[in-house]
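Trainee: My structure is stored as query_38.cif, with mmCIF, C-alpha atoms.
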```
data_my_file
#
loop_
_atom_site.label_atom_id
_atom_site.label_comp_id
_atom_site.auth_asym_id
_atom_site.auth_seq_id
_atom_site.Cartn_x
_atom_site.Cartn_y
_atom_site.Cartn_z
CA MET A 1 19.93 -78.44 3.71
CA ARG A 2 19.99 -82.19 4.35
CA ILE A 3 19.76 -84.67 1.51
CA GLU A 4 19.67 -88.24 2.74
CA LEU A 5 19.15 -91.34 0.67
CA ILE A 6 18.20 -94.91 1.46
CA LEU A 7 19.64 -97.23 -1.15
CA ASN A 8 17.96 -100.54 -1.91
CA LEU A 9 20.70 -102.91 -2.98
CA PHE A 10 20.25 -106.69 -3.25
CA GLY A 11 17.21 -106.58 -0.96
CA ARG A 12 19.16 -104.78 1.71
CA GLU A 13 18.69 -101.19 2.80
CA ILE A 14 21.79 -99.01 2.90
CA PHE A 15 21.50 -95.63 4.60
CA LEU A 16 23.52 -92.85 2.97
CA PRO A 17 23.99 -89.91 5.39
CA ASP A 18 23.99 -86.37 4.03
CA THR A 19 27.78 -86.09 4.33
CA ILE A 20 28.22 -88.84 1.71
CA VAL A 21 25.73 -87.13 -0.61
CA ASN A 22 27.56 -83.82 -0.10
CA THR A 23 30.85 -85.51 -0.96
CA TRP A 24 29.40 -86.54 -4.31
CA ILE A 25 28.00 -83.04 -4.89
CA ILE A 26 31.52 -81.67 -4.35
CA VAL A 27 33.01 -84.31 -6.66
CA VAL A 28 30.55 -83.37 -9.41
CA LEU A 29 31.15 -79.64 -8.89
CA LEU A 30 34.95 -80.04 -9.00
CA SER A 31 34.70 -82.25 -12.11
CA ILE A 32 32.62 -79.59 -13.90
CA PHE A 33 35.16 -76.98 -12.79
CA ALA A 34 38.03 -79.12 -14.11
CA PHE A 35 36.30 -79.62 -17.47
CA TYR A 36 35.64 -75.88 -17.75
CA VAL A 37 39.27 -75.01 -16.94
CA ASN A 38 40.46 -77.62 -19.45
CA ARG A 39 38.31 -76.08 -22.20
CA GLN A 40 39.56 -72.58 -21.33
CA VAL A 41 43.20 -73.66 -21.31
CA LYS A 42 42.83 -75.38 -24.68
CA LYS A 43 41.21 -72.28 -26.17
CA ALA A 44 43.90 -69.92 -24.82
CA ARG A 45 46.71 -68.90 -27.15
CA VAL A 46 50.29 -69.01 -25.94
CA GLU A 47 51.23 -65.61 -27.37
CA ASP A 48 48.43 -63.74 -25.58
CA LYS A 49 48.56 -62.50 -22.03
CA PRO A 50 46.45 -64.78 -19.76
CA SER A 51 42.96 -63.44 -19.10
CA GLY A 52 41.50 -62.83 -15.64
CA PHE A 53 40.16 -66.32 -14.94
CA LEU A 54 43.12 -68.21 -16.39
CA ASN A 55 45.46 -65.90 -14.51
CA PHE A 56 43.81 -66.97 -11.26
CA ILE A 57 44.12 -70.67 -12.18
CA GLU A 58 47.80 -70.20 -13.06
CA LEU A 59 48.33 -68.49 -9.72
CA LEU A 60 46.72 -71.48 -7.96
CA VAL A 61 48.81 -74.07 -9.82
CA GLU A 62 52.03 -72.14 -9.35
CA GLY A 63 51.29 -71.65 -5.65
CA VAL A 64 50.82 -75.38 -5.12
CA GLU A 65 53.94 -76.21 -7.11
CA SER A 66 56.13 -73.72 -5.24
CA LEU A 67 54.76 -75.00 -1.90
CA VAL A 68 55.57 -78.61 -2.86
CA GLU A 69 59.00 -77.58 -4.10
CA SER A 70 59.91 -75.64 -0.95
CA THR A 71 58.62 -78.38 1.38
CA MET A 72 59.58 -81.60 -0.37
CA GLY A 73 62.39 -80.56 -2.67
CA LYS A 74 62.70 -80.26 -6.43
CA ASP A 75 62.93 -84.01 -7.10
CA LYS A 76 59.46 -84.68 -5.65
CA LEU A 77 57.55 -82.18 -7.80
CA GLY A 78 55.54 -85.15 -9.13
CA PHE A 79 53.43 -85.05 -5.97
CA ALA A 80 52.10 -81.58 -6.83
CA PRO A 81 48.95 -82.85 -8.67
CA TYR A 82 47.95 -85.02 -5.72
CA ILE A 83 48.61 -82.24 -3.21
CA GLY A 84 46.69 -79.76 -5.35
CA THR A 85 43.71 -82.10 -5.66
CA LEU A 86 43.73 -82.71 -1.91
CA ALA A 87 43.89 -78.97 -1.18
CA LEU A 88 41.07 -78.16 -3.62
CA TYR A 89 38.80 -80.89 -2.29
CA LEU A 90 39.47 -80.06 1.37
CA VAL A 91 38.94 -76.31 0.90
CA VAL A 92 35.62 -76.84 -0.86
CA ALA A 93 34.56 -79.51 1.66
CA ASN A 94 35.43 -77.38 4.71
CA LEU A 95 33.76 -74.27 3.26
CA PHE A 96 30.63 -76.25 2.36
CA GLY A 97 29.21 -75.39 5.79
CA LEU A 98 28.79 -71.79 4.62
CA LEU A 99 26.14 -72.87 2.09
CA GLY A 100 24.09 -74.56 4.80
CA PHE A 101 25.22 -78.10 4.00
CA THR A 102 26.95 -80.35 6.50
CA PRO A 103 30.70 -80.32 5.68
CA PRO A 104 31.72 -83.84 4.53
CA THR A 105 34.84 -83.61 6.69
CA SER A 106 32.64 -83.65 9.82
CA ASP A 107 31.98 -87.33 9.07
CA TYR A 108 34.93 -89.38 10.29
CA SER A 109 34.94 -91.63 7.21
CA VAL A 110 36.12 -88.78 4.95
CA PRO A 111 39.20 -87.55 6.90
CA PHE A 112 40.15 -91.13 7.74
CA THR A 113 40.05 -92.15 4.08
CA LEU A 114 42.24 -89.20 3.10
CA ALA A 115 44.67 -90.00 5.94
CA LEU A 116 44.79 -93.65 4.84
CA ILE A 117 45.72 -92.54 1.31
CA THR A 118 48.58 -90.52 2.82
CA PHE A 119 49.60 -93.52 4.96
CA VAL A 120 49.69 -95.90 1.98
CA LEU A 121 51.64 -93.34 -0.09
CA THR A 122 54.12 -92.90 2.77
CA GLN A 123 54.76 -96.64 3.12
CA TYR A 124 54.87 -97.28 -0.63
CA TYR A 125 57.33 -94.52 -1.42
CA GLY A 126 59.34 -95.34 1.70
CA ILE A 127 59.86 -98.91 0.48
CA LYS A 128 60.36 -97.82 -3.12
CA SER A 129 63.02 -95.19 -2.49
CA LYS A 130 64.93 -96.90 0.35
CA GLY A 131 64.51 -100.54 -0.59
CA ALA A 132 62.60 -103.11 1.48
CA GLY A 133 65.66 -104.11 3.55
CA SER A 134 66.59 -100.69 4.88
CA TYR A 135 62.90 -99.79 5.20
CA PHE A 136 62.27 -102.66 7.64
CA LYS A 137 65.61 -102.02 9.31
CA GLY A 138 64.37 -98.50 10.06
CA PHE A 139 61.85 -99.98 12.49
CA PHE A 140 64.68 -101.41 14.61
CA GLU A 141 66.45 -98.04 14.94
CA PRO A 142 68.16 -96.96 17.17
CA PHE A 143 68.18 -100.44 18.82
CA TRP A 144 65.88 -103.45 18.49
CA PRO A 145 63.68 -103.11 21.65
CA MET A 146 62.29 -99.93 20.04
CA PHE A 147 60.47 -102.03 17.41
CA PRO A 148 56.96 -101.95 18.97
CA LEU A 149 57.24 -98.23 19.70
CA ASN A 150 58.27 -97.50 16.14
CA VAL A 151 55.36 -99.53 14.75
CA ILE A 152 52.86 -97.77 17.03
CA GLY A 153 54.36 -94.41 16.12
CA GLU A 154 53.93 -95.19 12.44
CA LEU A 155 50.32 -96.37 12.90
CA ALA A 156 49.44 -93.30 15.01
CA ASN A 157 50.23 -90.94 12.12
CA PRO A 158 47.05 -91.45 10.06
CA ILE A 159 44.90 -91.47 13.22
CA SER A 160 46.24 -88.19 14.55
CA LEU A 161 46.18 -86.68 11.05
CA SER A 162 42.51 -87.55 10.53
CA PHE A 163 41.38 -86.72 14.08
CA ARG A 164 42.89 -83.25 13.80
CA LEU A 165 40.83 -82.34 10.74
CA PHE A 166 37.73 -84.18 11.97
CA GLY A 167 37.80 -82.66 15.47
CA ASN A 168 38.25 -79.12 14.23
CA ILE A 169 35.45 -79.25 11.67
CA LEU A 170 33.03 -81.25 13.86
CA SER A 171 33.52 -78.90 16.82
CA GLY A 172 32.73 -75.97 14.50
CA VAL A 173 29.57 -77.72 13.28
CA ILE A 174 28.43 -78.50 16.84
CA ILE A 175 29.11 -74.99 18.14
CA MET A 176 27.30 -73.40 15.17
CA GLY A 177 24.34 -75.76 15.73
CA LEU A 178 24.16 -74.84 19.44
CA LEU A 179 24.44 -71.15 18.58
CA TYR A 180 21.64 -71.30 16.00
CA THR A 181 19.38 -73.20 18.42
CA ALA A 182 20.04 -70.67 21.19
CA LEU A 183 19.46 -67.67 18.91
CA ALA A 184 16.26 -69.18 17.52
CA GLN A 185 14.92 -69.27 21.09
CA LEU A 186 15.81 -65.62 21.55
CA SER A 187 14.59 -63.97 18.38
CA ILE A 188 14.73 -64.64 14.67
CA ILE A 189 16.24 -61.22 13.88
CA VAL A 190 19.37 -61.64 16.03
CA ALA A 191 20.81 -64.68 14.22
CA PRO A 192 21.90 -62.95 10.95
CA VAL A 193 23.66 -60.23 12.98
CA ILE A 194 25.68 -62.40 15.36
CA THR A 195 26.46 -65.59 13.41
CA PRO A 196 28.63 -64.20 10.53
CA VAL A 197 31.52 -63.60 12.94
CA PHE A 198 31.39 -67.22 14.13
CA HIS A 199 31.03 -68.50 10.56
CA ALA A 200 34.12 -66.49 9.61
CA TYR A 201 36.09 -68.15 12.40
CA PHE A 202 34.79 -71.74 12.47
CA ASP A 203 34.17 -72.23 8.75
CA VAL A 204 36.53 -69.94 6.85
CA PHE A 205 39.51 -69.56 9.21
CA ALA A 206 39.53 -73.06 10.72
CA GLY A 207 38.67 -74.68 7.39
CA VAL A 208 41.47 -73.01 5.42
CA ILE A 209 44.05 -73.49 8.21
CA GLN A 210 43.16 -77.17 8.60
CA THR A 211 43.41 -77.70 4.84
CA PHE A 212 46.86 -76.12 4.86
CA ILE A 213 47.96 -78.24 7.83
CA PHE A 214 46.64 -81.44 6.28
CA ILE A 215 48.51 -80.95 3.00
CA MET A 216 51.64 -79.73 4.81
CA LEU A 217 51.72 -82.82 7.05
CA THR A 218 51.04 -85.09 4.06
CA MET A 219 54.04 -83.58 2.26
CA VAL A 220 56.26 -83.75 5.36
CA PHE A 221 55.37 -87.41 6.03
CA ILE A 222 56.00 -88.50 2.45
CA SER A 223 59.28 -86.61 2.06
CA MET A 224 60.48 -87.82 5.48
CA ALA A 225 59.77 -91.43 4.51
CA MET A 226 61.62 -90.97 1.22
CA ASP A 227 64.65 -89.03 2.41
CA ASP A 228 66.26 -90.42 5.54
CA MET B 229 14.91 -91.58 49.76
CA PRO B 230 13.85 -91.90 46.11
CA SER B 231 16.03 -94.12 43.96
CA ILE B 232 17.85 -92.62 40.96
CA ASP B 233 16.94 -93.77 37.46
CA PRO B 234 20.08 -95.62 36.19
CA LYS B 235 19.75 -94.04 32.73
CA ALA B 236 19.67 -90.53 34.15
CA PHE B 237 22.61 -91.35 36.42
CA ILE B 238 24.71 -92.59 33.49
CA LEU B 239 23.78 -89.56 31.37
CA GLY B 240 24.76 -87.20 34.18
CA CYS B 241 28.06 -88.98 34.77
CA SER B 242 28.77 -88.93 31.02
CA ALA B 243 28.26 -85.16 31.01
CA ILE B 244 30.70 -84.79 33.93
CA GLY B 245 33.18 -87.02 32.10
CA ALA B 246 32.84 -84.93 28.95
CA GLY B 247 33.56 -81.81 30.95
CA LEU B 248 36.63 -83.42 32.49
CA ALA B 249 37.84 -84.58 29.07
CA ALA B 250 37.58 -81.03 27.75
CA ILE B 251 40.13 -79.95 30.40
CA ALA B 252 42.68 -81.48 28.02
CA GLY B 253 42.41 -78.18 26.14
CA ILE B 254 44.65 -76.49 28.73
CA GLY B 255 47.84 -78.15 27.49
CA PRO B 256 47.53 -77.26 23.80
CA GLY B 257 46.47 -73.74 24.82
CA ILE B 258 49.72 -73.23 26.72
CA GLY B 259 51.76 -74.89 23.96
CA GLN B 260 50.21 -72.89 21.13
CA GLY B 261 50.59 -69.66 23.05
CA TYR B 262 54.24 -70.42 23.70
CA ALA B 263 54.80 -71.22 19.99
CA ALA B 264 53.03 -68.00 18.94
CA GLY B 265 55.15 -65.97 21.35
CA LYS B 266 58.35 -67.50 20.00
CA GLY B 267 57.09 -66.87 16.47
CA ALA B 268 56.47 -63.20 17.26
CA GLU B 269 59.99 -63.00 18.74
CA ALA B 270 61.47 -64.56 15.61
CA VAL B 271 59.58 -62.17 13.31
CA GLY B 272 60.79 -59.25 15.41
CA ARG B 273 64.37 -60.43 15.03
CA GLN B 274 64.12 -61.34 11.35
CA PRO B 275 61.14 -59.64 9.67
CA GLU B 276 62.16 -60.74 6.17
CA ALA B 277 61.62 -64.44 7.02
CA GLN B 278 58.02 -63.87 8.13
CA GLY B 279 56.44 -66.32 5.67
CA ASP B 280 58.68 -69.24 6.65
CA ILE B 281 58.30 -68.49 10.36
CA ILE B 282 54.50 -68.38 10.18
CA ARG B 283 54.39 -71.63 8.20
CA THR B 284 56.63 -73.45 10.68
CA MET B 285 54.73 -72.00 13.62
CA ILE B 286 51.33 -73.13 12.30
CA LEU B 287 52.68 -76.61 11.59
CA GLY B 288 54.08 -76.91 15.12
CA GLN B 289 50.87 -75.61 16.63
CA ALA B 290 48.87 -78.19 14.66
CA ILE B 291 51.01 -80.97 16.12
CA ALA B 292 50.66 -79.52 19.63
CA GLU B 293 46.89 -79.41 19.14
CA THR B 294 46.61 -83.19 18.73
CA THR B 295 46.24 -84.06 22.42
CA GLY B 296 43.56 -81.42 22.85
CA ILE B 297 41.68 -82.83 19.87
CA TYR B 298 41.82 -86.30 21.45
CA GLY B 299 40.17 -84.89 24.58
CA LEU B 300 37.57 -83.13 22.46
CA ILE B 301 36.77 -86.33 20.56
CA ILE B 302 36.27 -88.22 23.83
CA ALA B 303 33.98 -85.46 25.11
CA ILE B 304 31.95 -85.53 21.86
CA ILE B 305 31.66 -89.33 21.97
CA LEU B 306 30.53 -89.25 25.61
CA LEU B 307 27.91 -86.60 24.88
CA PHE B 308 26.50 -87.72 21.53
CA VAL B 309 27.29 -91.42 21.05
CA ARG B 310 26.74 -92.32 24.76
CA PRO B 311 28.60 -95.65 24.73
CA LEU B 312 28.02 -96.21 28.47
CA LEU B 313 24.24 -96.48 28.04
CA GLY B 314 24.78 -99.73 26.16
CA ALA B 315 26.37 -101.25 29.28
CA LEU B 316 23.08 -101.11 31.18
#
```
Could you express the structure from this file as structure tokens?

Mentor:
Amino acid sequence: MRIELILNLFGREIFLPDTIVNTWIIVVLLSIFAFYVNRQVKKARVEDKPSGFLNFIELLVEGVESLVESTMGKDKLGFAPYIGTLALYLVVANLFGLLGFTPPTSDYSVPFTLALITFVLTQYYGIKSKGAGSYFKGFFEPFWPMFPLNVIGELANPISLSFRLFGNILSGVIIMGLLYTALAQLSIIVAPVITPVFHAYFDVFAGVIQTFIFIMLTMVFISMAMDD
Amino acid sequence: MPSIDPKAFILGCSAIGAGLAAIAGIGPGIGQGYAAGKGAEAVGRQPEAQGDIIRTMILGQAIAETTGIYGLIIAIILLFVRPLLGAL
């Protein structure tokens, strides 16, 4: 399903590709989900055992918190809400291909934005926890001619982080498109038999693994900038 | 001898270039296989640490994958964006 919009703003036409529209669909869906969970949590009583749905939510929250604690340490548990949001958004976005939409992460603007957020967080918390002096001194380690290499190495982080997610999801989208075109030439009955295996690999497996890697690398980058 | 259409020539060369760029997948394949083998070895030696080993292995494999992804991106750009056609 492709939903594309052309926005008329100040006499100028702005083309919104379907990935941007899908991003907003996901944002609305996750907001509704968050409101629903909030209502359920408020209604729940502390003395009772948690019900089936709330149990699942608690499992999710505790999983994210224990992952953040084991990767970043106990003092950086404040990053858990951001990491959890990132994981939730990326999982839904990567699995959106299963519903017949284009996954938003196959548009380079989405992974690059998320990687830029990680980059800004890394620099901000690096300066905040180490102090500006020792932060800038870190670029001249181990000796001063390494300065340009260190700067390039720092700038390459968000690019490699975003390309990894983007390349994996986009290659899945392209291969699934080629496969569907080829099977449509052959016969219309064959497609539902053969494609589920490829969907399981390119959408479910690659999507979940890439989400995990993205949040893991985000946590590693931030805690590395804060610690040493 | 009939002359070649420059557009067709550039498209053909772009396809060859994309194929060559995809060769970059060899390196990450070797690296990921090596990491997976070492991971299997580690699990065999210490089965109780399986969760940690798998997490570390997947993280290392993701880093090793980066160069392959760069090659893939170049191949995709050559095939679908066709930047060389603009140079005509």

Trainee: For chain B, report every residue with an atom at most 9 Å from chain A (counting only C-alpha atoms), formatted as a VMD selection string.

Mentor: chain B and resid 286 to 287 290 to 291 293 to 295 297 to 298 300 to 301 304

Trainee: Just to confirm, what's the straight-line distance from CA of Asp280 (chain B) to CA of Lys266 (chain B) in Å (one decimal)?

Mentor: 13.5 Å

Trainee: Pick out the closest residue to Ile169 (chain A) from this set: A:Ile20, A:Leu54, A:Val110, A:Val220. Count all atoms listed in the file.

Mentor: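 The shortest atom-to-atom distance to Ile169 (chain A) comes from A:Val110.
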
Trainee: Just give me the gap between CA of Ala156 (chain A) and CA of Asn22 (chain A) in Å, one decimal is fine.

Mentor: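 Separating CA of Ala156 (chain A) from CA of Asn22 (chain A) is a distance of 28.2 Å.
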
Trainee: Hey, can you pull every residue with an atom no more than 8 Å from (23.1, -78.3, 1.0), using only C-alpha atoms, and send it as a list of chain:residue names?

Mentor: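 Counting only C-alpha atoms, I find these residues within 8 Å of (23.1, -78.3, 1.0): A:Met1, A:Arg2, A:Ile3, A:Asn22, A:Phe96, A:Leu99, A:Gly100, A:Phe101, A:Thr102.
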
Trainee: So how far away is CA of Ile175 (chain A) from CA of Ser242 (chain B), in Å?

Mentor: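 Atom-to-atom, CA of Ser242 (chain B) and CA of Ile175 (chain A) are spaced 19.0 Å apart.
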
Trainee: Could you spell out the hits of the PyMOL selection byres ((chain B and resi 264) around 12) on the shown file, as a PyMOL selection string?

Mentor: chain B and resi 256-263+265-271+281-290+292

Trainee: With C-alpha atoms kept, could you save the residues just selected as a short mmCIF file (atom, residue, chain, number, x, y, z; two decimals), keeping the file's coordinate frame?

Mentor:
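The result, stored in part32.cif:
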```
data_model
loop_
_atom_site.label_atom_id
_atom_site.label_comp_id
_atom_site.auth_asym_id
_atom_site.auth_seq_id
_atom_site.Cartn_x
_atom_site.Cartn_y
_atom_site.Cartn_z
CA PRO B 256 47.53 -77.26 23.80
CA GLY B 257 46.47 -73.74 24.82
CA ILE B 258 49.72 -73.23 26.72
CA GLY B 259 51.76 -74.89 23.96
CA GLN B 260 50.21 -72.89 21.13
CA GLY B 261 50.59 -69.66 23.05
CA TYR B 262 54.24 -70.42 23.70
CA ALA B 263 54.80 -71.22 19.99
CA GLY B 265 55.15 -65.97 21.35
CA LYS B 266 58.35 -67.50 20.00
CA GLY B 267 57.09 -66.87 16.47
CA ALA B 268 56.47 -63.20 17.26
CA GLU B 269 59.99 -63.00 18.74
CA ALA B 270 61.47 -64.56 15.61
CA VAL B 271 59.58 -62.17 13.31
CA ILE B 281 58.30 -68.49 10.36
CA ILE B 282 54.50 -68.38 10.18
CA ARG B 283 54.39 -71.63 8.20
CA THR B 284 56.63 -73.45 10.68
CA MET B 285 54.73 -72.00 13.62
CA ILE B 286 51.33 -73.13 12.30
CA LEU B 287 52.68 -76.61 11.59
CA GLY B 288 54.08 -76.91 15.12
CA GLN B 289 50.87 -75.61 16.63
CA ALA B 290 48.87 -78.19 14.66
CA ALA B 292 50.66 -79.52 19.63
#
```

Trainee: For the structure shown, which residues end up in the PyMOL selection byres ((chain B and resi 314) around 12)? Put them as a PyMOL selection string, please?

Mentor: chain B and resi 234-235+238-239+306+309-313+315-316

Trainee: Kindly save the residues from that selection, with C-alpha atoms included, as a CSV table (one decimal), in the frame of the given file.

Mentor:
```
chain,number,residue,atom,x,y,z
B,234,PRO,CA,20.1,-95.6,36.2
B,235,LYS,CA,19.8,-94.0,32.7
B,238,ILE,CA,24.7,-92.6,33.5
B,239,LEU,CA,23.8,-89.6,31.4
B,306,LEU,CA,30.5,-89.2,25.6
B,309,VAL,CA,27.3,-91.4,21.0
B,310,ARG,CA,26.7,-92.3,24.8
B,311,PRO,CA,28.6,-95.6,24.7
B,312,LEU,CA,28.0,-96.2,28.5
B,313,LEU,CA,24.2,-96.5,28.0
B,315,ALA,CA,26.4,-101.2,29.3
B,316,LEU,CA,23.1,-101.1,31.2
```

Trainee: Which residues are near region 9-19 of chain A? Cut-off 8 Å, all atoms listed in the file, ignore same chain within fewer than 2 positions. Put them as a list in words.

Mentor: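 Listing them by chain and then by number gives Arg2, Ile3, Glu4, Leu5, Ile6, Leu7, Val21, Asn22, Thr23, Thr102, Pro103, Pro104, Thr105, Ser106 and Asp107 of chain A.
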
Trainee: Region 85-93 of chain A, all listed atoms, 4 Å padding on each side: what axis-aligned box centre and edge lengths in Å to one decimal come out, as lines of an AutoDock Vina configuration file?

Mentor:
```
center_x = 39.2
center_y = -79.5
center_z = -2.0
size_x = 17.3
size_y = 14.4
size_z = 15.3
```

Trainee: For region 294-312 of chain B, supply N, CA, C and O atoms and report the output as a PDB file, in the frame of the given file.

Mentor:
```
ATOM      1  N   THR B 294      47.129 -81.827  18.829  1.00  0.00           N
ATOM      2  CA  THR B 294      46.610 -83.190  18.730  1.00  0.00           C
ATOM      3  C   THR B 294      46.013 -83.707  20.035  1.00  0.00           C
ATOM      4  O   THR B 294      44.902 -84.238  20.041  1.00  0.00           O
ATOM      5  N   THR B 295      46.741 -83.515  21.145  1.00  0.00           N
ATOM      6  CA  THR B 295      46.240 -84.060  22.420  1.00  0.00           C
ATOM      7  C   THR B 295      44.928 -83.402  22.815  1.00  0.00           C
ATOM      8  O   THR B 295      44.023 -84.065  23.327  1.00  0.00           O
ATOM      9  N   GLY B 296      44.817 -82.100  22.551  1.00  0.00           N
ATOM     10  CA  GLY B 296      43.560 -81.420  22.850  1.00  0.00           C
ATOM     11  C   GLY B 296      42.420 -81.968  22.032  1.00  0.00           C
ATOM     12  O   GLY B 296      41.296 -82.130  22.518  1.00  0.00           O
ATOM     13  N   ILE B 297      42.719 -82.277  20.738  1.00  0.00           N
ATOM     14  CA  ILE B 297      41.680 -82.830  19.870  1.00  0.00           C
ATOM     15  C   ILE B 297      41.245 -84.204  20.376  1.00  0.00           C
ATOM     16  O   ILE B 297      40.059 -84.537  20.332  1.00  0.00           O
ATOM     17  N   TYR B 298      42.207 -84.997  20.897  1.00  0.00           N
ATOM     18  CA  TYR B 298      41.820 -86.300  21.450  1.00  0.00           C
ATOM     19  C   TYR B 298      40.819 -86.118  22.596  1.00  0.00           C
ATOM     20  O   TYR B 298      39.802 -86.820  22.672  1.00  0.00           O
ATOM     21  N   GLY B 299      41.103 -85.168  23.493  1.00  0.00           N
ATOM     22  CA  GLY B 299      40.170 -84.890  24.580  1.00  0.00           C
ATOM     23  C   GLY B 299      38.810 -84.470  24.072  1.00  0.00           C
ATOM     24  O   GLY B 299      37.768 -84.917  24.565  1.00  0.00           O
ATOM     25  N   LEU B 300      38.822 -83.612  23.041  1.00  0.00           N
ATOM     26  CA  LEU B 300      37.570 -83.130  22.460  1.00  0.00           C
ATOM     27  C   LEU B 300      36.760 -84.281  21.869  1.00  0.00           C
ATOM     28  O   LEU B 300      35.544 -84.356  22.049  1.00  0.00           O
ATOM     29  N   ILE B 301      37.459 -85.202  21.179  1.00  0.00           N
ATOM     30  CA  ILE B 301      36.770 -86.330  20.560  1.00  0.00           C
ATOM     31  C   ILE B 301      36.110 -87.201  21.633  1.00  0.00           C
ATOM     32  O   ILE B 301      34.963 -87.634  21.492  1.00  0.00           O
ATOM     33  N   ILE B 302      36.851 -87.407  22.757  1.00  0.00           N
ATOM     34  CA  ILE B 302      36.270 -88.220  23.830  1.00  0.00           C
ATOM     35  C   ILE B 302      35.045 -87.524  24.413  1.00  0.00           C
ATOM     36  O   ILE B 302      34.011 -88.166  24.669  1.00  0.00           O
ATOM     37  N   ALA B 303      35.130 -86.200  24.586  1.00  0.00           N
ATOM     38  CA  ALA B 303      33.980 -85.460  25.110  1.00  0.00           C
ATOM     39  C   ALA B 303      32.789 -85.589  24.161  1.00  0.00           C
ATOM     40  O   ALA B 303      31.653 -85.823  24.595  1.00  0.00           O
ATOM     41  N   ILE B 304      33.031 -85.450  22.850  1.00  0.00           N
ATOM     42  CA  ILE B 304      31.950 -85.530  21.860  1.00  0.00           C
ATOM     43  C   ILE B 304      31.332 -86.923  21.869  1.00  0.00           C
ATOM     44  O   ILE B 304      30.107 -87.081  21.834  1.00  0.00           O
ATOM     45  N   ILE B 305      32.180 -87.954  21.950  1.00  0.00           N
ATOM     46  CA  ILE B 305      31.660 -89.330  21.970  1.00  0.00           C
ATOM     47  C   ILE B 305      30.811 -89.557  23.214  1.00  0.00           C
ATOM     48  O   ILE B 305      29.723 -90.125  23.158  1.00  0.00           O
ATOM     49  N   LEU B 306      31.291 -89.072  24.376  1.00  0.00           N
ATOM     50  CA  LEU B 306      30.530 -89.250  25.610  1.00  0.00           C
ATOM     51  C   LEU B 306      29.176 -88.560  25.541  1.00  0.00           C
ATOM     52  O   LEU B 306      28.175 -89.066  26.042  1.00  0.00           O
ATOM     53  N   LEU B 307      29.147 -87.374  24.896  1.00  0.00           N
ATOM     54  CA  LEU B 307      27.910 -86.600  24.880  1.00  0.00           C
ATOM     55  C   LEU B 307      26.925 -87.088  23.823  1.00  0.00           C
ATOM     56  O   LEU B 307      25.724 -87.131  24.063  1.00  0.00           O
ATOM     57  N   PHE B 308      27.423 -87.468  22.642  1.00  0.00           N
ATOM     58  CA  PHE B 308      26.500 -87.720  21.530  1.00  0.00           C
ATOM     59  C   PHE B 308      26.344 -89.198  21.198  1.00  0.00           C
ATOM     60  O   PHE B 308      25.282 -89.616  20.776  1.00  0.00           O
ATOM     61  N   VAL B 309      27.400 -89.989  21.356  1.00  0.00           N
ATOM     62  CA  VAL B 309      27.290 -91.420  21.050  1.00  0.00           C
ATOM     63  C   VAL B 309      26.807 -92.186  22.272  1.00  0.00           C
ATOM     64  O   VAL B 309      26.099 -93.175  22.153  1.00  0.00           O
ATOM     65  N   ARG B 310      27.149 -91.726  23.472  1.00  0.00           N
ATOM     66  CA  ARG B 310      26.740 -92.320  24.760  1.00  0.00           C
ATOM     67  C   ARG B 310      27.024 -93.818  24.806  1.00  0.00           C
ATOM     68  O   ARG B 310      26.109 -94.628  24.885  1.00  0.00           O
ATOM     69  N   PRO B 311      28.280 -94.215  24.742  1.00  0.00           N
ATOM     70  CA  PRO B 311      28.600 -95.650  24.730  1.00  0.00           C
ATOM     71  C   PRO B 311      28.258 -96.335  26.042  1.00  0.00           C
ATOM     72  O   PRO B 311      28.001 -97.540  26.069  1.00  0.00           O
ATOM     73  N   LEU B 312      28.229 -95.577  27.157  1.00  0.00           N
ATOM     74  CA  LEU B 312      28.020 -96.210  28.470  1.00  0.00           C
ATOM     75  C   LEU B 312      26.582 -96.652  28.660  1.00  0.00           C
ATOM     76  O   LEU B 312      26.299 -97.525  29.472  1.00  0.00           O
TER      77      LEU B 312
END
```
